[in-house]
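For reference, model08.tsv is printed below; it contains TSV, C-alpha atoms and all ligand atoms.
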```
chain	number	residue	atom	x	y	z
C	294	MET	CA	136.39	48.05	2.75
C	295	LYS	CA	138.82	50.66	1.48
C	296	LYS	CA	141.04	52.55	3.87
C	297	ILE	CA	142.70	55.85	3.11
C	298	LEU	CA	144.90	57.58	5.63
C	299	PHE	CA	145.66	61.31	5.76
C	300	ILE	CA	148.91	62.26	7.48
C	301	GLY	CA	148.21	65.89	8.32
C	302	ALA	CA	144.83	67.34	9.22
C	303	GLY	CA	144.96	70.89	7.89
C	304	SER	CA	142.75	72.88	5.55
C	305	MET	CA	143.71	70.97	2.40
C	306	ALA	CA	143.16	67.57	4.03
C	307	GLU	CA	139.77	68.80	5.20
C	308	ALA	CA	138.86	70.13	1.73
C	309	LEU	CA	139.67	66.75	0.13
C	310	MET	CA	137.92	64.59	2.70
C	311	HIS	CA	134.89	66.89	2.65
C	312	GLY	CA	134.75	66.70	-1.15
C	313	TRP	CA	135.17	62.92	-1.27
C	314	ILE	CA	132.51	62.30	1.34
C	315	LYS	CA	130.11	64.68	-0.41
C	316	GLN	CA	130.71	62.98	-3.77
C	317	ASN	CA	130.35	59.51	-2.20
C	318	VAL	CA	133.87	58.54	-3.22
C	319	PHE	CA	134.61	57.34	0.32
C	320	THR	CA	132.42	56.90	3.35
C	321	PRO	CA	133.59	58.60	6.56
C	322	HIS	CA	134.37	55.10	7.89
C	323	GLU	CA	136.93	54.59	5.13
C	324	ILE	CA	138.78	57.82	5.89
C	325	TYR	CA	141.42	57.90	8.63
C	326	VAL	CA	143.24	61.03	9.62
C	327	THR	CA	146.10	61.79	11.96
C	328	ASN	CA	148.29	64.79	12.73
C	329	ARG	CA	151.27	65.63	14.84
C	330	SER	CA	149.68	66.78	18.06
C	331	ASP	CA	146.47	68.78	17.70
C	332	LYS	CA	143.85	66.45	19.21
C	333	GLU	CA	141.18	69.17	19.18
C	334	ARG	CA	141.54	69.47	15.43
C	335	LEU	CA	141.10	65.70	15.01
C	336	GLN	CA	138.06	65.80	17.27
C	337	PHE	CA	136.62	68.60	15.12
C	338	LEU	CA	137.10	66.54	11.94
C	339	HIS	CA	135.57	63.49	13.61
C	340	ASP	CA	132.57	65.47	14.86
C	341	THR	CA	132.05	67.34	11.59
C	342	TYR	CA	132.60	64.59	9.00
C	343	GLY	CA	132.49	61.36	11.00
C	344	VAL	CA	136.02	60.40	9.86
C	345	GLN	CA	138.18	58.05	11.90
C	346	THR	CA	140.77	59.67	14.11
C	347	SER	CA	141.90	56.93	16.43
C	348	ILE	CA	144.67	55.33	14.43
C	349	GLU	CA	146.21	52.06	15.56
C	350	ASP	CA	149.45	50.89	13.95
C	351	ALA	CA	147.52	48.24	11.98
C	352	ILE	CA	145.76	50.99	10.02
C	353	TYR	CA	149.08	52.08	8.50
C	354	GLN	CA	149.60	48.51	7.28
C	355	GLN	CA	146.05	48.13	5.99
C	356	ALA	CA	145.78	51.50	4.25
C	357	ASP	CA	145.17	51.28	0.48
C	358	LEU	CA	146.38	54.83	0.06
C	359	ILE	CA	148.34	57.26	2.21
C	360	ILE	CA	147.97	60.97	1.66
C	361	LEU	CA	150.84	63.25	2.64
C	362	ALA	CA	149.09	66.42	3.78
C	363	MET	CA	151.42	68.04	6.29
C	364	LYS	CA	153.27	71.33	5.67
C	365	PRO	CA	156.32	70.87	3.43
C	366	LYS	CA	158.67	71.85	6.28
C	367	ASP	CA	157.34	68.93	8.35
C	368	ALA	CA	157.50	66.41	5.52
C	369	ILE	CA	160.90	64.81	6.11
C	370	LYS	CA	160.25	64.22	9.79
C	371	ALA	CA	156.76	62.89	9.05
C	372	MET	CA	158.09	60.49	6.40
C	373	LEU	CA	160.79	59.25	8.79
C	374	GLU	CA	158.04	58.38	11.25
C	375	LEU	CA	155.92	56.82	8.51
C	376	LYS	CA	158.60	54.73	6.87
C	377	ASN	CA	158.57	51.76	9.22
C	378	LYS	CA	154.82	51.77	9.69
C	379	ILE	CA	153.68	51.17	6.13
C	380	THR	CA	154.04	48.21	3.79
C	381	GLU	CA	156.49	48.14	0.91
C	382	HIS	CA	153.82	48.64	-1.75
C	383	THR	CA	151.41	51.17	-0.26
C	384	ALA	CA	150.65	53.90	-2.79
C	385	ILE	CA	151.21	57.53	-1.84
C	386	LEU	CA	149.31	60.62	-2.89
C	387	SER	CA	151.27	63.74	-1.99
C	388	ILE	CA	149.80	67.25	-1.94
C	389	LEU	CA	153.00	68.80	-0.55
C	390	ALA	CA	153.97	72.00	-2.34
C	391	GLY	CA	157.46	71.81	-3.76
C	392	ILE	CA	158.41	68.31	-2.54
C	393	ALA	CA	159.69	66.13	-5.40
C	394	ILE	CA	158.51	62.58	-5.96
C	395	SER	CA	162.18	61.52	-5.76
C	396	THR	CA	162.41	63.03	-2.25
C	397	ILE	CA	159.37	61.00	-1.23
C	398	THR	CA	160.73	57.74	-2.62
C	399	GLU	CA	164.14	58.43	-1.07
C	400	GLN	CA	162.42	58.67	2.29
C	401	LEU	CA	159.76	55.98	1.91
C	402	GLY	CA	161.35	53.61	-0.60
C	403	LEU	CA	160.52	53.15	-4.27
C	404	ARG	CA	156.73	52.80	-4.57
C	405	PRO	CA	153.81	54.28	-6.55
C	406	VAL	CA	153.55	58.03	-5.94
C	407	ALA	CA	151.14	60.56	-7.39
C	408	ARG	CA	152.09	64.17	-6.73
C	409	VAL	CA	149.06	66.41	-6.86
C	410	MET	CA	148.51	70.13	-6.51
C	411	PRO	CA	144.82	70.63	-5.72
C	412	ASN	CA	143.20	73.71	-4.25
C	413	THR	CA	140.80	74.30	-1.39
C	414	SER	CA	137.79	74.51	-3.72
C	415	ALA	CA	137.93	70.68	-3.59
C	416	THR	CA	135.61	71.12	-0.64
C	417	ILE	CA	132.76	72.02	-3.03
C	418	GLY	CA	133.91	69.79	-5.92
C	419	MET	CA	135.55	72.69	-7.79
C	420	SER	CA	139.29	72.14	-7.37
C	421	ALA	CA	141.60	72.71	-10.32
C	422	SER	CA	144.33	70.14	-9.80
C	423	GLY	CA	147.59	69.31	-11.53
C	424	ILE	CA	148.99	65.78	-11.20
C	425	ALA	CA	152.22	63.93	-12.02
C	426	PHE	CA	153.08	60.26	-11.47
C	427	ASN	CA	156.23	58.22	-11.06
C	428	ALA	CA	156.89	55.15	-13.19
C	429	GLN	CA	155.81	52.81	-10.38
C	430	VAL	CA	152.16	53.91	-10.77
C	431	SER	CA	150.31	51.23	-12.74
C	432	ALA	CA	147.65	52.03	-15.35
C	433	THR	CA	144.95	50.98	-12.89
C	434	GLN	CA	146.40	53.16	-10.14
C	435	ARG	CA	146.74	56.08	-12.54
C	436	ALA	CA	143.04	55.79	-13.40
C	437	MET	CA	142.22	55.58	-9.69
C	438	PHE	CA	144.21	58.73	-8.88
C	439	LEU	CA	142.63	60.66	-11.75
C	440	GLN	CA	139.19	59.54	-10.62
C	441	LEU	CA	139.88	60.74	-7.07
C	442	LEU	CA	140.82	64.20	-8.28
C	443	GLU	CA	137.99	64.36	-10.84
C	444	ALA	CA	135.57	63.69	-8.01
C	445	VAL	CA	136.58	67.01	-6.43
C	446	GLY	CA	136.94	69.11	-9.58
C	447	SER	CA	139.02	69.06	-12.74
C	448	VAL	CA	142.48	67.53	-13.07
C	449	ILE	CA	145.21	67.88	-15.65
C	450	GLU	CA	148.33	65.73	-15.99
C	451	VAL	CA	151.57	67.73	-16.25
C	452	GLU	CA	155.31	67.10	-16.14
C	453	GLU	CA	156.44	66.98	-12.55
C	454	ASP	CA	158.57	70.11	-13.00
C	455	GLN	CA	155.49	72.03	-14.16
C	456	LEU	CA	153.84	71.46	-10.78
C	457	HIS	CA	155.77	74.49	-9.48
C	458	ALA	CA	153.86	76.64	-11.98
C	459	VAL	CA	150.57	74.87	-11.21
C	460	THR	CA	151.15	75.59	-7.52
C	461	ALA	CA	151.81	79.27	-8.21
C	462	LEU	CA	148.68	79.59	-10.38
C	463	SER	CA	145.85	77.31	-9.28
C	464	GLY	CA	147.22	75.96	-5.97
C	465	SER	CA	147.60	79.43	-4.48
C	466	GLY	CA	145.02	80.92	-6.89
C	467	PRO	CA	142.00	80.87	-4.58
C	468	ALA	CA	143.92	83.09	-2.13
C	469	TYR	CA	144.57	85.68	-4.86
C	470	ILE	CA	140.88	85.76	-5.71
C	471	TYR	CA	139.85	86.03	-2.05
C	472	TYR	CA	142.33	88.88	-1.70
C	473	LEU	CA	140.76	90.55	-4.72
C	474	MET	CA	137.31	90.09	-3.19
C	475	GLU	CA	138.49	91.65	0.07
C	476	ALA	CA	139.56	94.70	-1.97
C	477	PHE	CA	136.28	94.81	-3.96
C	478	GLU	CA	134.30	94.71	-0.72
C	479	ARG	CA	136.37	97.38	0.98
C	480	VAL	CA	136.24	99.77	-1.95
C	481	GLY	CA	132.68	98.85	-2.96
C	482	MET	CA	131.60	100.02	0.48
C	483	GLU	CA	133.57	103.23	0.08
C	484	VAL	CA	131.63	104.00	-3.10
C	485	GLY	CA	128.29	103.47	-1.42
C	486	LEU	CA	127.22	99.80	-1.44
C	487	SER	CA	126.73	97.38	1.43
C	488	LYS	CA	129.21	94.54	1.86
C	489	ASP	CA	126.48	91.99	1.09
C	490	THR	CA	125.55	93.76	-2.12
C	491	VAL	CA	129.18	93.88	-3.27
C	492	ARG	CA	129.61	90.17	-2.42
C	493	LEU	CA	126.51	89.27	-4.43
C	494	LEU	CA	127.46	91.41	-7.43
C	495	MET	CA	131.09	90.37	-7.57
C	496	THR	CA	130.75	86.63	-6.89
C	497	GLN	CA	128.26	86.51	-9.77
C	498	THR	CA	130.60	88.64	-11.90
C	499	LEU	CA	133.51	86.27	-11.20
C	500	ALA	CA	131.38	83.19	-11.90
C	501	GLY	CA	129.92	84.72	-15.07
C	502	THR	CA	133.33	85.78	-16.33
C	503	ALA	CA	134.80	82.31	-15.69
C	504	GLU	CA	131.88	80.73	-17.53
C	505	MET	CA	132.25	83.15	-20.47
C	506	LEU	CA	135.92	82.20	-20.74
C	507	LYS	CA	134.96	78.52	-20.76
C	508	GLN	CA	132.16	78.85	-23.30
C	509	SER	CA	133.37	81.59	-25.64
C	510	ILE	CA	135.74	81.03	-28.54
C	511	ASP	CA	137.14	84.54	-27.96
C	512	GLU	CA	140.43	85.24	-26.20
C	513	PRO	CA	140.28	87.24	-22.93
C	514	ASP	CA	141.50	90.44	-24.60
C	515	VAL	CA	138.66	90.25	-27.14
C	516	LEU	CA	136.10	89.71	-24.39
C	517	ARG	CA	137.64	92.58	-22.44
C	518	LYS	CA	137.32	94.93	-25.41
C	519	LYS	CA	133.61	94.05	-25.68
C	520	VAL	CA	133.14	95.46	-22.17
C	521	THR	CA	135.20	98.55	-22.82
C	522	SER	CA	133.27	101.41	-24.43
C	523	PRO	CA	135.44	104.22	-25.82
C	524	GLY	CA	135.63	107.00	-23.26
C	525	GLY	CA	133.60	104.93	-20.82
C	526	THR	CA	133.94	103.61	-17.28
C	527	THR	CA	135.88	100.41	-18.06
C	528	GLU	CA	138.49	102.34	-20.00
C	529	ALA	CA	138.93	104.64	-17.01
C	530	GLY	CA	139.22	101.67	-14.67
C	531	ILE	CA	141.73	99.79	-16.85
C	532	LYS	CA	143.81	102.95	-17.22
C	533	ALA	CA	144.07	103.12	-13.43
C	534	LEU	CA	145.12	99.43	-13.32
C	535	GLU	CA	147.84	100.16	-15.86
C	536	GLN	CA	148.96	103.25	-14.00
C	537	TYR	CA	149.29	101.16	-10.83
C	538	GLN	CA	151.33	98.48	-12.64
C	539	PHE	CA	148.70	95.74	-12.57
C	540	ASN	CA	150.63	93.53	-15.01
C	541	ALA	CA	153.87	93.92	-13.10
C	542	ALA	CA	152.07	93.01	-9.86
C	543	ILE	CA	150.59	89.82	-11.37
C	544	GLU	CA	153.93	88.89	-12.92
C	545	ALA	CA	155.70	89.31	-9.59
C	546	CYS	CA	152.96	87.39	-7.78
C	547	ILE	CA	153.11	84.28	-9.99
C	548	LYS	CA	156.90	84.30	-10.38
C	549	GLU	CA	157.52	84.76	-6.65
C	550	ALA	CA	155.13	81.91	-5.84
C	551	GLU	CA	156.72	79.66	-8.47
C	552	ALA	CA	160.20	80.47	-7.16
C	553	ARG	CA	159.05	79.72	-3.62
C	554	SER	CA	157.83	76.30	-4.73
C	555	ARG	CA	161.23	75.62	-6.31
C	556	ALA	CA	162.98	76.85	-3.16
C	557	LEU	CA	160.91	74.47	-1.03
C	558	ALA	CA	162.08	71.63	-3.28
C	559	LYS	CA	165.74	72.64	-2.89
C	560	SER	CA	165.59	73.05	0.87
C	561	LYS	CA	164.74	69.33	1.24
J	601	LIG	N1	146.04	75.07	1.82
J	601	LIG	C1	146.04	75.00	0.48
J	601	LIG	O1	145.33	75.74	-0.21
J	601	LIG	C2	146.87	73.99	-0.22
J	601	LIG	C3	147.84	73.28	0.45
J	601	LIG	N2	148.60	72.36	-0.21
J	601	LIG	C4	149.61	71.60	0.51
J	601	LIG	O2	148.94	70.83	1.48
J	601	LIG	C5	149.78	70.66	2.61
J	601	LIG	C6	149.02	71.02	3.85
J	601	LIG	O3	148.65	72.37	3.79
J	601	LIG	P1	147.56	72.97	4.77
J	601	LIG	O4	146.43	72.00	4.89
J	601	LIG	O5	147.28	74.35	4.33
J	601	LIG	O6	148.43	72.96	6.14
J	601	LIG	P2	148.00	73.08	7.65
J	601	LIG	O7	149.09	73.76	8.38
J	601	LIG	O8	146.60	73.60	7.73
J	601	LIG	O9	148.01	71.54	8.13
J	601	LIG	C7	149.16	70.75	8.26
J	601	LIG	C8	148.84	69.53	9.12
J	601	LIG	O10	149.95	68.64	9.16
J	601	LIG	C9	150.12	68.14	10.47
J	601	LIG	N3	151.48	67.62	10.67
J	601	LIG	C10	152.65	68.29	10.72
J	601	LIG	N4	153.69	67.44	10.96
J	601	LIG	C11	153.15	66.21	11.04
J	601	LIG	C12	153.70	64.91	11.29
J	601	LIG	N5	155.01	64.73	11.51
J	601	LIG	N6	152.86	63.86	11.31
J	601	LIG	C13	151.54	64.04	11.11
J	601	LIG	N7	150.97	65.23	10.89
J	601	LIG	C14	151.76	66.31	10.85
J	601	LIG	C15	149.75	69.32	11.35
J	601	LIG	O11	149.45	68.91	12.66
J	601	LIG	C16	148.51	69.83	10.57
J	601	LIG	O12	147.37	69.07	10.91
J	601	LIG	C17	151.01	71.52	2.40
J	601	LIG	O13	152.09	70.67	2.07
J	601	LIG	C18	150.64	72.43	1.27
J	601	LIG	O14	151.75	72.69	0.48
J	601	LIG	C19	148.39	72.06	-1.51
J	601	LIG	C20	147.43	72.72	-2.22
J	601	LIG	C21	146.64	73.78	-1.67
J	602	LIG	O1	150.72	78.36	0.32
J	602	LIG	C1	151.13	77.21	0.10
J	602	LIG	O2	152.35	76.95	0.20
J	602	LIG	C2	150.16	76.13	-0.29
J	602	LIG	C3	150.46	75.57	-1.65
J	602	LIG	C4	149.39	76.08	-2.55
J	602	LIG	C5	148.43	76.68	-1.67
J	602	LIG	N1	148.83	76.67	-0.43
```
Here is a file; write its structure as structure tokens.
Ligand SMILES: NC(=O)C1=CN([C@@H]2O[C@H](COP(=O)(O)OP(=O)(O)OC[C@H]3O[C@@H](n4cnc5c(N)ncnc54)[C@H](O)[C@@H]3O)[C@@H](O)[C@H]2O)C=CC1
Ligand SMILES: O=C(O)[C@@H]1CCC=N1
Amino acid sequence: MKKILFIGAGSMAEALMHGWIKQNVFTPHEIYVTNRSDKERLQFLHDTYGVQTSIEDAIYQQADLIILAMKPKDAIKAMLELKNKITEHTAILSILAGIAISTITEQLGLRPVARVMPNTSATIGMSASGIAFNAQVSATQRAMFLQLLEAVGSVIEVEEDQLHAVTALSGSGPAYIYYLMEAFERVGMEVGLSKDTVRLLMTQTLAGTAEMLKQSIDEPDVLRKKVTSPGGTTEAGIKALEQYQFNAAIEACIKEAEARSRALAKSK
């Protein structure tokens, strides 16, 4: 039987384990999860998904894969605790924003490490993940890591340094879209619709737009112009976006997030 061990039991760990169980990648009996102190949280994960939360020291030794899923600020301390518990060869999958593979191998010793930036849509098999490997990852392990991420969405291999940009775009991306939806709902209600109606209209609009971008050969600006009738409503709406510096806001958003990821790397 396989054994995978999550160190950290937060929302991203939950999204991955939920996705893997749903896609039959692992059974709940193969998934072990621990955290620093929150026993209620572990009980919740056990009750909800049937995953294993009572972790004896032997599990660290037996684990085929260890997933680093704590907050970046807790990573060094967590790795110090982990170091003497695991075998020399155990492979690591890290989802820590901003923490370099070299920092992980400095702490845990040279071993196979995949650094991944997934997003919380892994929970429904729709993550967009970026991944980078160190040289210790064998071809078989590389295929295994890619398969794990493909099971919960799409995955693209990038240079490790590019993971900062991936984090700023697709790692944090769901939060930007939820924020947008909060605004659509608030304003949609102000202009006369119910919250449920706005949710229905705009989730379908987001899904349809994403699918158009996937299926169409046209660039986004061409598709946008097809919506925009001269003198019409879209033109009026886009003008307002321009007036309120929409492009500057997006630029600041992505660049600030990317810079934060780099800062997290430097602070370690
Ligand atoms: N939430 C998201 O959308 C995404 C998060 N990430 C990354 O995933 C990681 C976790 O993020 P979240 O799940 O949002 O965090 P969270 O705050 O929800 O969970 C962190 C977990 O780590 C545990 N922890 C802290 N120190 C520990 C230690 N020494 N030993 C064992 N467990 C320890 C905490 O008890 C908690 O269960 C972060 O590094 C973040 O950068 C990556 C992609 C997306
Ligand atoms: O906010 C964060 O730092 C993490 C990384 C990407 C999404 N959540």
*Can you work out the spacing between atom C7 of ligand LIG 601 (chain J) and atom CA of Val344 of chain C in Å, to one decimal?*
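Computed distance, atom C7 of ligand LIG 601 (chain J) to atom CA of Val344 of chain C, equals 16.8 Å.
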Enclose all atoms of ligand LIG 602 (chain J) listed in the file in an axis-aligned box, grow every side by 8 Å, and hand back centre and edge lengths in Å to one decimal, as JSON.
```
{"center_x": 150.4, "center_y": 77.0, "center_z": -1.1, "size_x": 19.9, "size_y": 18.8, "size_z": 18.9}
```
Name the residues within 7 Å of (155.3, 76.5, -5.6), counting only C-alpha atoms in the file's coordinates, and put them as a compact mmCIF listing (two decimals) with C-alpha atoms, in the coordinates of the input.
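selection_25.txt written:
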```
# COMPACT_ATOMS: atom_id res chain seq x y z
CA ALA C 390 153.97 72.00 -2.34
CA GLY C 391 157.46 71.81 -3.76
CA HIS C 457 155.77 74.49 -9.48
CA ALA C 458 153.86 76.64 -11.98
CA THR C 460 151.15 75.59 -7.52
CA ALA C 461 151.81 79.27 -8.21
CA ALA C 550 155.13 81.91 -5.84
CA GLU C 551 156.72 79.66 -8.47
CA ALA C 552 160.20 80.47 -7.16
CA ARG C 553 159.05 79.72 -3.62
CA SER C 554 157.83 76.30 -4.73
CA ARG C 555 161.23 75.62 -6.31
```
*Name the residues in contact with Ser447 of chain C at a cut-off of 10 Å, using only C-alpha atoms, excluding same-chain residues fewer than 3 positions from it; report them as a PyMOL selection string.*
chain C and resi 411+415+418-423+439-440+442-444
*asked:* For a cutoff of 12 Å around the file-coordinate point (155.9, 52.1, -12.9), which residues qualify once you count all atoms listed in the file? I'd like the result as a ChimeraX atom specification.
replied: /C:382,384,403-407,426-435
*asked:* As a quick test: using only C-alpha atoms and all ligand atoms, which residues lie no more than 9 Å away from ligand LIG 601 (chain J)? Give them as a ChimeraX atom specification.
replied: /C:299-308,326-332,334-335,361-375,387-392,409-414,422,460,463-468,554
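For the atom pair formed by atom CA of Gly402 of chain C and atom CA of Ile385 of chain C, the distance is 10.9 Å, given to one decimal.
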*Hey, which of C:Leu462, C:Ala529, C:Leu486, C:Ile543 ends up closest to ligand LIG 602 (chain J)? Count all atoms listed in the file.*
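Checking each of C:Leu462, C:Ala529, C:Leu486, C:Ile543 against ligand LIG 602 (chain J), counting all atoms listed in the file, the winner is C:Leu462.
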*To one decimal in Å, tell me the separation between atom CA of Ala393 of chain C and atom CA of Ser560 of chain C.*
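According to the coordinates, atom CA of Ala393 of chain C and atom CA of Ser560 of chain C are separated by 11.0 Å.
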_Closest of C:Ala425, C:Lys519, C:Ala545, C:Asn540 to Val459 of chain C - atom-to-atom distances counting only C-alpha atoms_ =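 Comparing C:Ala425, C:Lys519, C:Ala545, C:Asn540 against Val459 of chain C, the winner is C:Ala425.
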